[in-house]
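*Asks:* After the structure tokens below, expect a handful of questions from me.
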Amino acid sequence: MISGYVIGESLRPGAVFQPQGLRLRKVSRLDVSASASAAQPGLWTLVEWEADGDDVGGLGQALADALEPANGWYADFSAGDERVVVFAGKATRR
């Protein structure tokens, strides 16, 4: 099982993050105005998801393709014991 979340505001305009087999777990809103940078919004939408399968690279690249490259946005997800950190354009396994 692969699971993670993405901050809705971190997606670039027009982007779609919809890999095959993706299931929505929960959507919530957070007030991060006390810690967000001046370039980031004060309210964030967290979209928690999960997926079956083992295409960690494909999932990471789909997320990397959807992220906004400005303002340091990133996402991460776990696949078993592995943590994948994703920045716009690239995913790094740890």
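Chain labels run A, B, ... following the order of the structure tokens; each chain numbers its residues from 1, and ligands are numbered from 1 in the order shown.
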With a distance cut-off of 12 Å and only C-alpha atoms, select the neighbouring residues of A:Val84, excluding the residue or stretch itself and same-chain residues fewer than 2 positions from it, and output the selection as an NGL selection string.
*Replies:* :A and (2-5 or 56-61 or 63-64 or 74-82 or 86-87 or 90-94)
*Asks:* Taking the chain letters and numbering used in this document, name the residues of chain A that DSSP puts in strand (DSSP E), as a ChimeraX atom specification.
*Replies:* /A:2-7,22-31,43-51,74-79,82-87,90-93
*Asks:* Go ahead and write the residues just picked, N, CA and C atoms, as a tab-separated table (two decimals), in the first residue's frame.
*Replies:*
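The result, stored in out.tsv:
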chain	number	residue	atom	x	y	z
A	2	ILE	N	0.50	2.22	-0.76
A	2	ILE	CA	1.17	3.51	-0.84
A	2	ILE	C	0.19	4.54	-0.26
A	3	SER	N	0.68	5.42	0.61
A	3	SER	CA	-0.21	6.44	1.17
A	3	SER	C	0.54	7.75	1.36
A	4	GLY	N	-0.19	8.83	1.26
A	4	GLY	CA	0.41	10.15	1.45
A	4	GLY	C	-0.64	11.23	1.40
A	5	TYR	N	-0.17	12.44	1.27
A	5	TYR	CA	-1.09	13.56	1.11
A	5	TYR	C	-0.43	14.61	0.25
A	6	VAL	N	-1.23	15.48	-0.27
A	6	VAL	CA	-0.73	16.62	-1.03
A	6	VAL	C	-1.50	17.84	-0.55
A	7	ILE	N	-0.81	18.95	-0.46
A	7	ILE	CA	-1.45	20.22	-0.10
A	7	ILE	C	-2.03	20.78	-1.40
A	22	LEU	N	-5.73	5.57	-7.48
A	22	LEU	CA	-5.68	6.49	-6.35
A	22	LEU	C	-7.04	6.58	-5.68
A	23	ARG	N	-7.06	6.53	-4.34
A	23	ARG	CA	-8.30	6.64	-3.58
A	23	ARG	C	-8.16	7.77	-2.57
A	24	LEU	N	-9.19	8.56	-2.46
A	24	LEU	CA	-9.23	9.64	-1.50
A	24	LEU	C	-9.52	9.09	-0.11
A	25	ARG	N	-8.75	9.52	0.89
A	25	ARG	CA	-8.99	9.12	2.28
A	25	ARG	C	-9.66	10.22	3.06
A	26	LYS	N	-9.17	11.46	2.91
A	26	LYS	CA	-9.73	12.55	3.70
A	26	LYS	C	-9.27	13.88	3.12
A	27	VAL	N	-10.10	14.90	3.23
A	27	VAL	CA	-9.75	16.27	2.86
A	27	VAL	C	-10.00	17.13	4.09
A	28	SER	N	-9.00	17.95	4.46
A	28	SER	CA	-9.16	18.82	5.61
A	28	SER	C	-8.49	20.17	5.33
A	29	ARG	N	-8.87	21.17	6.11
A	29	ARG	CA	-8.32	22.52	5.96
A	29	ARG	C	-7.57	22.89	7.23
A	30	LEU	N	-6.41	23.53	7.07
A	30	LEU	CA	-5.60	23.95	8.21
A	30	LEU	C	-5.28	25.43	8.11
A	31	ASP	N	-5.31	26.12	9.23
A	31	ASP	CA	-4.87	27.50	9.30
A	31	ASP	C	-3.39	27.47	9.68
A	43	LEU	N	-4.14	29.46	4.58
A	43	LEU	CA	-5.00	28.28	4.74
A	43	LEU	C	-4.57	27.23	3.73
A	44	TRP	N	-4.40	26.01	4.20
A	44	TRP	CA	-4.01	24.91	3.32
A	44	TRP	C	-5.08	23.83	3.32
A	45	THR	N	-5.25	23.19	2.16
A	45	THR	CA	-6.17	22.07	1.99
A	45	THR	C	-5.33	20.80	1.89
A	46	LEU	N	-5.46	19.91	2.87
A	46	LEU	CA	-4.73	18.64	2.85
A	46	LEU	C	-5.60	17.56	2.22
A	47	VAL	N	-5.08	16.93	1.19
A	47	VAL	CA	-5.79	15.85	0.50
A	47	VAL	C	-5.01	14.56	0.79
A	48	GLU	N	-5.56	13.72	1.65
A	48	GLU	CA	-4.92	12.45	2.00
A	48	GLU	C	-5.42	11.37	1.04
A	49	TRP	N	-4.50	10.55	0.56
A	49	TRP	CA	-4.84	9.55	-0.43
A	49	TRP	C	-4.08	8.26	-0.16
A	50	GLU	N	-4.50	7.20	-0.85
A	50	GLU	CA	-3.81	5.91	-0.81
A	50	GLU	C	-3.98	5.23	-2.16
A	51	ALA	N	-3.10	4.29	-2.42
A	51	ALA	CA	-3.16	3.56	-3.68
A	51	ALA	C	-2.59	2.16	-3.47
A	74	TYR	N	6.60	20.90	-1.69
A	74	TYR	CA	6.99	19.50	-1.86
A	74	TYR	C	5.88	18.64	-1.28
A	75	ALA	N	5.97	17.35	-1.51
A	75	ALA	CA	5.04	16.39	-0.93
A	75	ALA	C	5.85	15.14	-0.62
A	76	ASP	N	5.29	14.27	0.20
A	76	ASP	CA	5.94	13.00	0.44
A	76	ASP	C	4.88	11.93	0.63
A	77	PHE	N	5.30	10.69	0.44
A	77	PHE	CA	4.39	9.57	0.66
A	77	PHE	C	5.21	8.37	1.09
A	78	SER	N	4.53	7.39	1.66
A	78	SER	CA	5.22	6.17	2.08
A	78	SER	C	4.73	4.99	1.28
A	79	ALA	N	5.68	4.12	0.99
A	79	ALA	CA	5.40	2.87	0.28
A	79	ALA	C	6.11	1.78	1.07
A	82	GLU	N	9.53	2.53	2.84
A	82	GLU	CA	10.22	3.56	2.06
A	82	GLU	C	9.47	4.89	2.11
A	83	ARG	N	10.18	5.98	2.24
A	83	ARG	CA	9.61	7.32	2.19
A	83	ARG	C	10.09	7.98	0.91
A	84	VAL	N	9.17	8.55	0.15
A	84	VAL	CA	9.50	9.23	-1.10
A	84	VAL	C	9.16	10.70	-0.93
A	85	VAL	N	10.16	11.56	-1.14
A	85	VAL	CA	9.98	13.00	-1.06
A	85	VAL	C	9.95	13.53	-2.48
A	86	VAL	N	8.93	14.34	-2.78
A	86	VAL	CA	8.69	14.78	-4.15
A	86	VAL	C	8.74	16.29	-4.22
A	87	PHE	N	9.55	16.80	-5.14
A	87	PHE	CA	9.61	18.22	-5.46
A	87	PHE	C	9.13	18.38	-6.89
A	90	LYS	N	10.86	16.25	-9.75
A	90	LYS	CA	11.64	15.07	-9.36
A	90	LYS	C	11.16	14.46	-8.05
A	91	ALA	N	11.38	13.16	-7.91
A	91	ALA	CA	11.05	12.44	-6.68
A	91	ALA	C	12.32	11.77	-6.16
A	92	THR	N	12.53	11.79	-4.85
A	92	THR	CA	13.72	11.22	-4.22
A	92	THR	C	13.29	10.18	-3.21
A	93	ARG	N	13.83	8.97	-3.36
A	93	ARG	CA	13.52	7.90	-2.40
A	93	ARG	C	14.49	7.95	-1.24
*Asks:* Of the candidates A:Gly21, A:Pro41, A:Gly72, A:Gly89, which shows the shortest atom-to-atom distance to A:Gly53, using only C-alpha atoms?
*Replies:*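 Between A:Gly21, A:Pro41, A:Gly72, A:Gly89, the residue approaching A:Gly53 most closely is A:Gly21.
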*Asks:* Per DSSP on the backbone, what are the helix (DSSP H, G or I) residues of stretch 13-81 of chain A, as a list in words?
*Replies:*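 The helix (DSSP H, G or I) subset of stretch 13-81 of chain A is Val56, Gly57, Gly58, Leu59, Gly60, Gln61, Ala62, Leu63, Ala64, Asp65, Ala66, Ala70, Asn71 and Gly72 of chain A.
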*Asks:* I need the residues from that last selection saved to file as a JSON list (two decimals), in the first residue's frame (with C-alpha atoms), if you can.
*Replies:*
[["chain", "number", "residue", "atom", "x", "y", "z"],
["A", 56, "VAL", "CA", 6.33, 4.09, -6.73],
["A", 57, "GLY", "CA", 8.32, 5.79, -9.49],
["A", 58, "GLY", "CA", 5.27, 6.48, -11.64],
["A", 59, "LEU", "CA", 3.30, 7.82, -8.70],
["A", 60, "GLY", "CA", 6.19, 10.03, -7.62],
["A", 61, "GLN", "CA", 6.62, 11.41, -11.12],
["A", 62, "ALA", "CA", 2.88, 12.11, -11.46],
["A", 63, "LEU", "CA", 3.01, 14.10, -8.25],
["A", 64, "ALA", "CA", 6.24, 15.87, -9.26],
["A", 65, "ASP", "CA", 4.62, 16.88, -12.54],
["A", 66, "ALA", "CA", 1.65, 18.40, -10.70],
["A", 70, "ALA", "CA", 7.74, 28.18, -6.96],
["A", 71, "ASN", "CA", 7.82, 28.75, -3.17],
["A", 72, "GLY", "CA", 9.48, 25.47, -2.13]]
*Asks:* Quote the spacing between atom CA of A:Gln18 and atom CA of A:Gly42 in Å to one decimal place.
*Replies:*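 Calculated distance between atom CA of A:Gln18 and atom CA of A:Gly42 is 25.4 Å.
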*Asks:* List the neighbours of A:Trp73 out to 8 Å using only C-alpha atoms; skip same-chain residues closer than 4 positions along the sequence, and give me the result as a PyMOL selection string.
*Replies:* chain A and resi 10+67-69+87-88
